[in-house]
$ cat structure24.tsv   # TSV, C-alpha atoms and all ligand atoms
chain	number	residue	atom	x	y	z
A	1	MET	CA	165.94	113.99	38.75
A	2	LEU	CA	163.99	112.81	35.75
A	3	ASN	CA	166.40	110.02	34.70
A	4	ASN	CA	165.49	108.89	31.20
A	5	PHE	CA	161.82	109.55	31.81
A	6	GLU	CA	159.84	112.68	31.22
A	7	TYR	CA	157.77	111.87	34.30
A	8	ASN	CA	159.44	111.27	37.62
A	9	PHE	CA	158.30	107.82	38.64
A	10	ASP	CA	161.22	107.67	41.11
A	11	GLU	CA	159.64	110.36	43.30
A	12	ASP	CA	158.79	109.38	46.87
A	13	VAL	CA	155.12	110.07	47.42
A	14	ASN	CA	153.51	110.25	50.83
A	15	ARG	CA	150.01	108.83	50.70
A	16	VAL	CA	149.51	108.22	54.42
A	17	GLY	CA	146.70	110.27	55.92
A	18	THR	CA	145.00	110.91	52.57
A	19	ASN	CA	142.21	108.36	53.14
A	20	CYS	CA	143.83	106.16	50.58
A	21	ALA	CA	142.78	102.52	50.83
A	22	LYS	CA	146.22	101.16	49.99
A	23	TYR	CA	147.98	102.81	52.97
A	24	ASP	CA	145.30	104.02	55.34
A	25	GLY	CA	143.30	100.80	54.95
A	26	LEU	CA	146.06	98.43	56.11
A	27	ASP	CA	144.65	97.89	59.58
A	28	ARG	CA	141.13	97.45	58.25
A	29	TYR	CA	142.02	94.98	55.51
A	30	PHE	CA	145.02	93.15	56.99
A	31	GLY	CA	144.79	93.71	60.76
A	32	TYR	CA	148.20	95.41	60.93
A	33	GLU	CA	149.15	99.04	60.38
A	34	ASP	CA	152.89	98.62	59.92
A	35	LEU	CA	152.95	96.82	56.56
A	36	GLN	CA	154.51	97.92	53.30
A	37	PRO	CA	151.51	98.07	50.96
A	38	MET	CA	152.02	96.16	47.70
A	39	TRP	CA	148.44	95.12	47.20
A	40	VAL	CA	145.36	96.89	45.77
A	41	ALA	CA	145.69	97.88	42.09
A	42	ASP	CA	146.55	101.54	42.21
A	43	MET	CA	149.96	103.11	41.73
A	44	ASP	CA	152.32	105.14	43.92
A	45	PHE	CA	152.88	107.41	40.91
A	46	LYS	CA	151.44	110.85	40.45
A	47	SER	CA	149.02	111.32	37.56
A	48	PRO	CA	150.32	113.41	34.66
A	49	LYS	CA	150.28	117.20	34.80
A	50	CYS	CA	147.57	117.43	32.12
A	51	ILE	CA	145.14	115.75	34.54
A	52	ASN	CA	146.08	117.92	37.49
A	53	ASP	CA	145.80	121.07	35.37
A	54	ALA	CA	142.35	120.02	34.15
A	55	ILE	CA	141.15	119.32	37.70
A	56	ILE	CA	142.55	122.57	39.12
A	57	ASP	CA	141.06	124.51	36.23
A	58	ALA	CA	137.66	122.90	36.81
A	59	ALA	CA	137.88	123.73	40.53
A	60	LYS	CA	138.47	127.44	39.89
A	61	ASN	CA	134.74	128.03	39.60
A	62	SER	CA	134.08	126.53	43.08
A	63	LEU	CA	130.94	124.87	41.75
A	64	TYR	CA	130.59	121.12	41.96
A	65	GLY	CA	127.03	120.36	40.94
A	66	TYR	CA	125.82	117.50	38.77
A	67	SER	CA	127.51	116.90	35.43
A	68	ILE	CA	126.08	115.65	32.17
A	69	ASP	CA	127.99	113.93	29.44
A	70	GLY	CA	128.73	115.86	26.27
A	71	ASP	CA	130.18	114.76	22.94
A	72	ASP	CA	133.64	115.95	24.04
A	73	ILE	CA	134.19	113.08	26.51
A	74	TYR	CA	133.01	110.51	23.97
A	75	GLU	CA	135.25	112.03	21.31
A	76	SER	CA	138.26	111.68	23.61
A	77	ILE	CA	137.44	107.99	24.15
A	78	VAL	CA	137.04	107.45	20.39
A	79	TYR	CA	140.40	109.17	19.85
A	80	TRP	CA	142.15	107.10	22.53
A	81	GLN	CA	140.84	103.74	21.39
A	82	LYS	CA	141.72	104.56	17.79
A	83	THR	CA	145.22	105.86	18.47
A	84	ARG	CA	146.21	103.31	21.13
A	85	HIS	CA	144.41	100.18	19.96
A	86	ASN	CA	143.38	100.88	16.37
A	87	TRP	CA	139.74	100.37	17.33
A	88	GLU	CA	137.21	102.38	15.29
A	89	LEU	CA	134.35	103.56	17.46
A	90	ASP	CA	131.48	105.95	17.07
A	91	ILE	CA	130.36	108.13	19.94
A	92	LYS	CA	126.96	106.42	19.87
A	93	ASP	CA	128.69	103.12	20.80
A	94	ILE	CA	129.78	104.46	24.21
A	95	PHE	CA	128.07	105.25	27.51
A	96	MET	CA	129.63	106.79	30.64
A	97	ALA	CA	129.17	105.23	34.08
A	98	ASN	CA	130.58	105.34	37.61
A	99	GLY	CA	133.07	102.49	37.58
A	100	VAL	CA	133.83	99.21	35.86
A	101	VAL	CA	132.71	97.06	38.80
A	102	PRO	CA	129.35	98.85	39.28
A	103	SER	CA	128.86	98.57	35.49
A	104	TYR	CA	129.74	94.89	35.51
A	105	SER	CA	127.23	94.29	38.28
A	106	ALA	CA	124.60	96.13	36.21
A	107	CYS	CA	125.43	93.90	33.23
A	108	ILE	CA	124.78	90.76	35.24
A	109	GLU	CA	121.27	91.97	35.97
A	110	ALA	CA	120.65	93.44	32.51
A	111	PHE	CA	121.69	90.38	30.52
A	112	SER	CA	120.60	87.41	32.64
A	113	GLU	CA	117.78	86.31	34.92
A	114	LYS	CA	117.87	85.10	38.52
A	115	GLY	CA	119.33	81.59	38.64
A	116	ASP	CA	121.13	81.91	35.29
A	117	GLU	CA	124.79	80.97	34.97
A	118	VAL	CA	127.77	83.25	34.35
A	119	ILE	CA	131.11	81.77	33.37
A	120	VAL	CA	134.26	83.28	34.90
A	121	GLN	CA	137.83	82.26	34.14
A	122	THR	CA	139.65	81.79	37.41
A	123	PRO	CA	141.91	82.84	39.00
A	124	VAL	CA	140.43	86.27	38.37
A	125	TYR	CA	139.81	89.70	39.93
A	126	PRO	CA	137.35	88.81	42.75
A	127	PRO	CA	134.51	91.31	42.06
A	128	LEU	CA	134.02	89.59	38.69
A	129	PHE	CA	132.60	86.54	40.44
A	130	LYS	CA	131.33	88.22	43.61
A	131	ALA	CA	129.00	90.46	41.57
A	132	VAL	CA	127.47	87.35	40.01
A	133	THR	CA	126.38	85.79	43.29
A	134	ALA	CA	125.42	89.19	44.73
A	135	ASN	CA	122.90	89.43	41.88
A	136	ASN	CA	121.55	85.93	42.57
A	137	ARG	CA	123.13	84.31	39.53
A	138	LYS	CA	125.34	81.24	39.59
A	139	VAL	CA	129.11	81.41	39.08
A	140	VAL	CA	130.49	78.68	36.84
A	141	GLU	CA	134.27	78.41	36.97
A	142	ASN	CA	136.16	77.79	33.74
A	143	ARG	CA	139.62	77.46	35.27
A	144	LEU	CA	142.58	78.69	33.28
A	145	ILE	CA	145.29	76.15	32.52
A	146	ASN	CA	148.52	76.90	34.37
A	147	ASP	CA	151.56	75.63	32.52
A	148	ASN	CA	154.53	76.64	34.67
A	149	GLY	CA	153.06	80.08	35.23
A	150	TYR	CA	151.85	80.59	31.64
A	151	TYR	CA	148.07	80.62	31.68
A	152	THR	CA	145.83	79.68	28.76
A	153	MET	CA	142.10	79.17	28.36
A	154	ASP	CA	140.63	75.69	28.68
A	155	PHE	CA	138.17	75.60	25.77
A	156	GLU	CA	137.18	71.96	26.24
A	157	ASP	CA	136.30	72.62	29.86
A	158	LEU	CA	134.41	75.73	28.79
A	159	LYS	CA	132.27	73.80	26.30
A	160	SER	CA	131.52	71.15	28.91
A	161	LYS	CA	130.31	73.78	31.38
A	162	ILE	CA	127.76	75.44	29.08
A	163	THR	CA	124.10	74.69	29.83
A	164	SER	CA	120.79	76.19	28.74
A	165	LYS	CA	121.15	78.58	31.72
A	166	THR	CA	124.52	80.00	30.62
A	167	LYS	CA	123.90	83.59	29.54
A	168	ILE	CA	127.15	85.51	30.06
A	169	LEU	CA	130.86	84.86	29.81
A	170	CYS	CA	133.07	87.27	31.70
A	171	LEU	CA	136.37	87.96	29.96
A	172	CYS	CA	139.16	89.73	31.79
A	173	SER	CA	141.38	91.12	29.02
A	174	PRO	CA	144.19	91.58	29.76
A	175	HIS	CA	143.84	89.18	32.62
A	176	ASN	CA	144.22	90.23	36.25
A	177	PRO	CA	146.01	88.55	38.06
A	178	VAL	CA	147.82	86.23	35.61
A	179	GLY	CA	149.03	89.03	33.31
A	180	ARG	CA	148.06	87.47	29.98
A	181	VAL	CA	147.31	89.57	26.90
A	182	TRP	CA	145.01	87.19	25.03
A	183	ASN	CA	146.03	86.73	21.40
A	184	LYS	CA	143.71	86.90	18.40
A	185	GLU	CA	143.39	83.15	18.06
A	186	GLU	CA	142.43	82.71	21.71
A	187	LEU	CA	139.88	85.51	21.53
A	188	GLU	CA	138.37	84.19	18.31
A	189	THR	CA	138.07	80.64	19.64
A	190	LEU	CA	136.42	81.93	22.80
A	191	ALA	CA	134.02	84.14	20.86
A	192	ASP	CA	133.13	81.34	18.41
A	193	ILE	CA	132.09	79.13	21.30
A	194	CYS	CA	129.99	81.94	22.78
A	195	ILE	CA	128.36	82.76	19.44
A	196	ALA	CA	127.51	79.09	18.86
A	197	HIS	CA	125.78	78.91	22.26
A	198	ASN	CA	124.15	82.32	22.25
A	199	ILE	CA	126.22	83.59	25.17
A	200	MET	CA	127.15	87.24	25.43
A	201	ILE	CA	130.60	88.38	26.51
A	202	ILE	CA	131.32	91.14	29.00
A	203	SER	CA	134.92	92.10	28.31
A	204	ASP	CA	136.62	93.92	31.17
A	205	GLU	CA	139.47	95.76	29.43
A	206	ILE	CA	140.45	98.14	32.24
A	207	HIS	CA	144.13	97.09	32.04
A	208	SER	CA	144.30	97.33	28.23
A	209	ASP	CA	146.61	100.35	28.09
A	210	LEU	CA	149.24	98.81	30.36
A	211	THR	CA	150.17	96.06	27.93
A	212	PHE	CA	153.68	95.07	26.85
A	213	LYS	CA	152.63	93.32	23.67
A	214	LYS	CA	149.90	94.04	21.14
A	215	PHE	CA	146.50	94.27	22.79
A	216	ILE	CA	143.41	93.47	20.72
A	217	PRO	CA	140.06	94.78	21.97
A	218	LEU	CA	137.74	91.78	21.70
A	219	ALA	CA	134.99	93.63	19.85
A	220	SER	CA	137.44	95.06	17.31
A	221	ILE	CA	138.12	91.62	15.81
A	222	SER	CA	134.95	91.29	13.73
A	223	GLU	CA	131.42	92.61	13.40
A	224	LYS	CA	130.10	89.20	14.47
A	225	ILE	CA	132.05	89.34	17.72
A	226	ALA	CA	131.16	93.00	18.27
A	227	GLN	CA	127.48	92.05	18.13
A	228	ILE	CA	127.73	89.79	21.23
A	229	THR	CA	130.13	91.98	23.24
A	230	LEU	CA	129.86	94.73	25.79
A	231	THR	CA	133.25	96.16	26.76
A	232	LEU	CA	133.97	97.93	30.05
A	233	ASN	CA	136.89	100.28	30.43
A	234	SER	CA	138.14	103.41	32.17
A	235	ALA	CA	141.20	105.63	32.48
A	236	GLY	CA	141.39	104.62	36.14
A	237	LYS	CA	144.27	102.13	36.08
A	238	THR	CA	146.25	103.73	33.25
A	239	PHE	CA	146.40	107.21	34.79
A	240	ASN	CA	145.99	106.31	38.46
A	241	ILE	CA	142.62	108.03	38.81
A	242	ALA	CA	140.55	105.09	40.06
A	243	GLY	CA	139.25	107.21	42.96
A	244	LEU	CA	137.38	109.41	40.51
A	245	ASN	CA	134.93	106.57	39.79
A	246	THR	CA	134.53	107.23	36.09
A	247	SER	CA	134.25	104.50	33.48
A	248	TYR	CA	132.54	103.73	30.22
A	249	ALA	CA	130.77	100.88	28.44
A	250	ILE	CA	131.09	100.18	24.72
A	251	SER	CA	128.94	98.10	22.43
A	252	LYS	CA	128.38	98.19	18.68
A	253	ASN	CA	125.14	96.34	19.31
A	254	GLN	CA	122.71	99.17	20.09
A	255	GLU	CA	120.22	96.80	21.66
A	256	ILE	CA	122.88	95.63	24.13
A	257	LEU	CA	124.03	99.18	24.84
A	258	ASP	CA	120.44	100.35	25.36
A	259	LYS	CA	119.81	97.55	27.84
A	260	PHE	CA	122.96	98.55	29.69
A	261	LYS	CA	121.91	102.22	29.73
A	262	LYS	CA	118.52	101.28	31.14
A	263	GLU	CA	120.07	99.22	33.93
A	264	ALA	CA	122.72	101.89	34.65
A	265	ARG	CA	119.97	104.48	35.02
A	266	LYS	CA	117.95	102.18	37.24
A	267	ARG	CA	120.97	101.74	39.49
A	268	GLU	CA	121.86	105.45	39.36
A	269	ILE	CA	125.40	104.76	38.19
A	270	HIS	CA	125.29	106.92	35.08
A	271	SER	CA	125.88	110.45	36.36
A	272	VAL	CA	129.45	111.43	35.49
A	273	ASN	CA	131.73	112.43	38.35
A	274	PHE	CA	132.61	116.13	37.97
A	275	PHE	CA	136.37	115.63	38.28
A	276	GLY	CA	136.34	112.22	36.60
A	277	TYR	CA	134.93	113.87	33.52
A	278	VAL	CA	137.67	116.45	33.06
A	279	ALA	CA	140.40	114.02	34.16
A	280	THR	CA	139.37	111.33	31.66
A	281	LYS	CA	139.16	113.88	28.86
A	282	ALA	CA	142.59	115.33	29.62
A	283	ALA	CA	144.12	111.87	30.04
A	284	TYR	CA	142.90	110.61	26.70
A	285	ASN	CA	143.55	113.82	24.76
A	286	GLU	CA	146.95	114.69	26.22
A	287	GLY	CA	148.29	111.78	28.29
A	288	ALA	CA	149.78	109.39	25.72
A	289	SER	CA	153.43	110.13	26.50
A	290	TYR	CA	152.82	109.52	30.22
A	291	VAL	CA	151.59	106.02	29.41
A	292	ASP	CA	154.57	105.33	27.14
A	293	ASP	CA	156.98	106.34	29.92
A	294	LEU	CA	155.00	104.53	32.60
A	295	LYS	CA	155.12	101.28	30.66
A	296	LYS	CA	158.91	101.55	30.36
A	297	TYR	CA	159.23	102.12	34.09
A	298	LEU	CA	156.95	99.20	34.89
A	299	GLN	CA	158.92	96.93	32.57
A	300	LYS	CA	162.10	97.97	34.32
A	301	ASN	CA	160.51	97.11	37.66
A	302	ILE	CA	159.36	93.73	36.35
A	303	LYS	CA	162.83	92.89	35.00
A	304	PHE	CA	164.46	94.04	38.22
A	305	THR	CA	162.12	91.90	40.32
A	306	LYS	CA	162.70	88.87	38.11
A	307	GLU	CA	166.47	89.13	38.48
A	308	TYR	CA	166.29	89.96	42.16
A	309	LEU	CA	164.16	86.95	43.04
A	310	GLN	CA	166.13	84.61	40.80
A	311	ASN	CA	169.38	85.66	42.46
A	312	ASN	CA	168.27	86.16	46.03
A	313	CYS	CA	165.05	84.32	46.65
A	314	PRO	CA	164.57	81.62	43.97
A	315	LYS	CA	161.87	79.84	45.95
A	316	ILE	CA	159.45	82.58	44.90
A	317	THR	CA	158.80	82.43	41.17
A	318	PHE	CA	156.70	84.22	38.57
A	319	LEU	CA	156.42	84.51	34.84
A	320	GLU	CA	156.86	88.04	33.52
A	321	PRO	CA	153.39	89.48	32.89
A	322	GLU	CA	152.40	90.58	29.38
A	323	ALA	CA	150.34	93.35	30.97
A	324	THR	CA	149.63	95.15	34.24
A	325	TYR	CA	151.86	96.04	37.17
A	326	LEU	CA	150.68	92.99	39.09
A	327	LEU	CA	152.88	89.95	39.66
A	328	TRP	CA	151.34	86.58	40.32
A	329	LEU	CA	153.88	85.15	42.73
A	330	ASN	CA	154.13	81.41	43.25
A	331	PHE	CA	155.39	80.39	46.72
A	332	ALA	CA	155.04	76.62	46.17
A	333	ASN	CA	158.80	76.02	46.29
A	334	THR	CA	159.02	77.41	49.80
A	335	GLY	CA	157.54	74.11	51.00
A	336	LEU	CA	155.17	76.02	53.25
A	337	GLU	CA	151.39	75.75	53.43
A	338	HIS	CA	149.31	78.63	52.09
A	339	ASN	CA	148.35	79.92	55.53
A	340	GLU	CA	151.93	79.71	56.78
A	341	ILE	CA	153.03	81.86	53.84
A	342	LYS	CA	150.24	84.31	54.56
A	343	THR	CA	151.21	84.61	58.22
A	344	LYS	CA	154.88	85.04	57.40
A	345	LEU	CA	154.10	87.78	54.90
A	346	LEU	CA	152.13	89.70	57.50
A	347	THR	CA	154.12	89.08	60.66
A	348	GLU	CA	157.72	88.63	59.45
A	349	ALA	CA	158.06	90.27	56.04
A	350	LYS	CA	155.53	92.94	57.05
A	351	LEU	CA	154.22	93.08	53.51
A	352	ALA	CA	150.63	93.52	52.36
A	353	LEU	CA	150.09	91.40	49.23
A	354	ASN	CA	146.76	90.17	47.87
A	355	ASP	CA	145.95	86.64	48.95
A	356	GLY	CA	145.79	84.40	45.86
A	357	VAL	CA	142.93	82.37	47.29
A	358	SER	CA	140.64	85.38	47.00
A	359	PHE	CA	141.00	85.12	43.19
A	360	GLY	CA	139.49	81.65	42.97
A	361	SER	CA	139.87	78.12	44.23
A	362	ASN	CA	142.87	77.37	41.98
A	363	ALA	CA	145.39	79.74	43.56
A	364	ASP	CA	146.86	77.85	46.48
A	365	LYS	CA	150.29	79.29	47.46
A	366	TYR	CA	149.89	82.29	45.16
A	367	PHE	CA	149.96	85.92	46.24
A	368	ARG	CA	149.66	89.02	44.05
A	369	LEU	CA	152.28	91.75	44.32
A	370	ASN	CA	151.75	95.28	43.00
A	371	LEU	CA	155.06	96.75	41.75
A	372	ALA	CA	153.74	100.14	40.63
A	373	THR	CA	155.95	101.96	43.07
A	374	ASN	CA	159.36	103.62	42.88
A	375	GLN	CA	162.42	101.43	42.66
A	376	ASN	CA	163.60	102.17	46.19
A	377	ALA	CA	160.30	101.03	47.65
A	378	LEU	CA	160.30	98.00	45.36
A	379	LYS	CA	163.82	97.01	46.46
A	380	MET	CA	162.78	97.39	50.09
A	381	GLY	CA	159.80	95.09	49.55
A	382	LEU	CA	161.88	92.49	47.74
A	383	LYS	CA	164.50	92.55	50.47
A	384	LYS	CA	161.74	91.74	52.97
A	385	LEU	CA	160.67	88.77	50.85
A	386	GLU	CA	164.27	87.61	50.62
A	387	ILE	CA	164.90	87.82	54.36
A	388	THR	CA	161.66	86.00	55.18
A	389	PHE	CA	161.69	83.24	52.58
A	390	SER	CA	165.33	82.58	51.59
A	391	TYR	CA	167.01	81.46	54.70
A	392	LYS	CA	164.43	79.22	56.36
B	401	LIG	C1	140.07	93.65	36.10
B	401	LIG	C2	139.58	94.82	36.90
B	401	LIG	N1	138.36	95.31	36.66
B	401	LIG	C3	137.87	96.37	37.36
B	401	LIG	C4	138.61	96.97	38.34
B	401	LIG	C5	138.03	98.11	39.12
B	401	LIG	O1	137.37	99.01	38.29
B	401	LIG	P1	136.59	100.26	38.90
B	401	LIG	O2	137.46	100.87	39.95
B	401	LIG	O3	136.36	101.15	37.73
B	401	LIG	O4	135.30	99.71	39.45
B	401	LIG	C6	139.89	96.48	38.63
B	401	LIG	C7	140.69	97.07	39.72
B	401	LIG	O5	141.66	96.53	40.17
B	401	LIG	C8	140.38	95.39	37.89
B	401	LIG	O6	141.60	94.89	38.11
$ encode --input "structure24.tsv" --output "structure tokens"
Amino acid sequence: MLNNFEYNFDEDVNRVGTNCAKYDGLDRYFGYEDLQPMWVADMDFKSPKCINDAIIDAAKNSLYGYSIDGDDIYESIVYWQKTRHNWELDIKDIFMANGVVPSYSACIEAFSEKGDEVIVQTPVYPPLFKAVTANNRKVVENRLINDNGYYTMDFEDLKSKITSKTKILCLCSPHNPVGRVWNKEELETLADICIAHNIMIISDEIHSDLTFKKFIPLASISEKIAQITLTLNSAGKTFNIAGLNTSYAISKNQEILDKFKKEARKREIHSVNFFGYVATKAAYNEGASYVDDLKKYLQKNIKFTKEYLQNNCPKITFLEPEATYLLWLNFANTGLEHNEIKTKLLTEAKLALNDGVSFGSNADKYFRLNLATNQNALKMGLKKLEITFSYK
């Protein structure tokens, strides 16, 4: 049954036994095998047929040697960014790599020195601060302001944190886990501060296609902002192909892009994955309608969850995200301590959610729930939350 959607997001998929981290990694990451996985950011939805066809076609030759990048992959990225986000790019502005996180780590080394400071806006996707310390740089937290679940940037705090050692600001746009799509004014204010203090911005825009309001690529705002920005992106989240480890970096500042290329080559993260290449190309050239349908399905899941929790488990609250399939759940009204909530989730609800504390020091009593699954599985997960947290 396809319901109102061209793609069947209601389909039950069996991912157990496929070496998939989300299901097969439960024991390793949570210490229990029998959990319903609603954690790591990939989806229980099949990728569109255009991607499968491209992969099967590429496999027909039974040859899987090294790939090199050609203009065709860059042209598909230019096409996608123009048609989805009205961002004019040239193929010379783009460089392929093996993942947003490996690329981000390369940026830390390429654009700062040991002991320099990198500003991150917490709570945020953990590798964005872990990669800083792993490269012997210092993480400086510019905490987001949380106004009843609506997060904004704290520009005064940001200005007060800048020192002569501050070299990079890491922007997560849209923001994982708080679900904000930053508006033009916020992005401009942020960029103005960075320009004034000679700080470059690494903008992680991996969730940019799964946005429910207008998304503005940071570097598309003005030439001045483009000159201090390196953007990281991939088709991984949008089309559920994260396991193909294919991403790209964009900068209109050729000096910045050249430095990135040099570091990417040094780290050997620039050779394009054979299947990632054809999958990304097919996704961007032919996958637009999949994304349109997917966004509708995700919005339905978000609305359903909102109503379900309001009616059945009002102690767990969240503000509807402006982007992503990730909910930033607040358990404060349960009256329980963070570790009690964590234990109950694992031992009573039998749910694997991401622990909020791993996203930064300002996430006590928060857990992140991934609702990119079919509605039956979602209902089952919500019922477990209800039973565990409503009646005690
Ligand atoms: C904000 C953000 N950046 C990067 C990644 C991972 O990117 P990649 O798999 O390309 O390293 C994720 C995955 O959840 C993410 O949420």
$ residues_around --input "structure24.tsv" --residues "stretch 301-304 of chain A" --least-positions-apart "6" --cutoff "9 Å" --atoms "only C-alpha atoms" --output "ChimeraX atom specification"
/A:320-321,325,327,371-375,378-379
$ residues_near_ligand --input "structure24.tsv" --ligand "ligand LIG 401 (chain B)" --cutoff "7 Å" --atoms "all atoms listed in the file" --output "PyMOL selection string"
chain A and resi 40-41+99-102+125+172+175-176+204+206-207+234+236+242+245-247
$ residues_around --input "structure24.tsv" --residues "A:Lys342" --least-positions-apart "5" --cutoff "9 Å" --atoms "only C-alpha atoms" --output "PyMOL selection string"
chain A and resi 337+347+353+355+365+367
$ residues_near_point --input "structure24.tsv" --point "(156.9, 103.6, 26.1)" --cutoff "12 Å" --atoms "all atoms listed in the file" --output "ChimeraX atom specification"
/A:4-7,84,209-213,288-300
$ axis_aligned_box --input "structure24.tsv" --around "stretch 172-175 of chain A" --padding-each-side "8 Å" --output "lines of an AutoDock Vina configuration file"
center_x = 141.7
center_y = 90.4
center_z = 30.8
size_x = 21.0
size_y = 18.4
size_z = 19.6
$ decode --input "structure24.tsv" --residues "stretch 211-223 of chain A" --atoms "N, CA, C and O atoms" --output "mmCIF file, in the first residue's frame"
data_model
loop_
_atom_site.group_PDB
_atom_site.id
_atom_site.type_symbol
_atom_site.label_atom_id
_atom_site.label_comp_id
_atom_site.auth_asym_id
_atom_site.auth_seq_id
_atom_site.Cartn_x
_atom_site.Cartn_y
_atom_site.Cartn_z
ATOM 1 N N THR A 211 14.402 19.911 6.025
ATOM 2 C CA THR A 211 13.994 21.123 6.722
ATOM 3 C C THR A 211 12.530 21.403 6.407
ATOM 4 O O THR A 211 12.088 21.199 5.272
ATOM 5 N N PHE A 212 11.800 21.898 7.411
ATOM 6 C CA PHE A 212 10.363 22.129 7.252
ATOM 7 C C PHE A 212 10.038 23.616 7.144
ATOM 8 O O PHE A 212 8.887 24.012 7.194
ATOM 9 N N LYS A 213 11.057 24.423 7.065
ATOM 10 C CA LYS A 213 10.907 25.833 6.734
ATOM 11 C C LYS A 213 12.125 26.213 5.902
ATOM 12 O O LYS A 213 13.050 25.405 5.765
ATOM 13 N N LYS A 214 12.141 27.422 5.382
ATOM 14 C CA LYS A 214 13.189 27.782 4.425
ATOM 15 C C LYS A 214 14.588 27.680 5.043
ATOM 16 O O LYS A 214 14.876 28.312 6.063
ATOM 17 N N PHE A 215 15.416 26.899 4.394
ATOM 18 C CA PHE A 215 16.804 26.747 4.840
ATOM 19 C C PHE A 215 17.702 27.667 4.013
ATOM 20 O O PHE A 215 17.588 27.702 2.783
ATOM 21 N N ILE A 216 18.598 28.373 4.693
ATOM 22 C CA ILE A 216 19.531 29.258 3.980
ATOM 23 C C ILE A 216 20.962 28.762 4.192
ATOM 24 O O ILE A 216 21.468 28.801 5.321
ATOM 25 N N PRO A 217 21.619 28.288 3.123
ATOM 26 C CA PRO A 217 23.028 27.915 3.300
ATOM 27 C C PRO A 217 23.817 29.147 3.742
ATOM 28 O O PRO A 217 23.660 30.218 3.138
ATOM 29 N N LEU A 218 24.613 29.006 4.783
ATOM 30 C CA LEU A 218 25.301 30.175 5.340
ATOM 31 C C LEU A 218 26.045 30.963 4.256
ATOM 32 O O LEU A 218 25.912 32.185 4.145
ATOM 33 N N ALA A 219 26.826 30.238 3.450
ATOM 34 C CA ALA A 219 27.700 30.918 2.492
ATOM 35 C C ALA A 219 26.941 31.527 1.315
ATOM 36 O O ALA A 219 27.524 32.237 0.502
ATOM 37 N N SER A 220 25.635 31.243 1.234
ATOM 38 C CA SER A 220 24.857 31.814 0.125
ATOM 39 C C SER A 220 24.375 33.226 0.448
ATOM 40 O O SER A 220 23.858 33.937 -0.407
ATOM 41 N N ILE A 221 24.557 33.658 1.692
ATOM 42 C CA ILE A 221 23.978 34.946 2.115
ATOM 43 C C ILE A 221 24.702 36.124 1.468
ATOM 44 O O ILE A 221 24.068 37.050 0.963
ATOM 45 N N SER A 222 26.029 36.090 1.470
ATOM 46 C CA SER A 222 26.772 37.201 0.863
ATOM 47 C C SER A 222 28.179 36.724 0.511
ATOM 48 O O SER A 222 28.670 35.727 1.058
ATOM 49 N N GLU A 223 28.824 37.457 -0.359
ATOM 50 C CA GLU A 223 30.193 37.136 -0.760
ATOM 51 C C GLU A 223 31.124 37.225 0.463
ATOM 52 O O GLU A 223 32.029 36.407 0.631
#
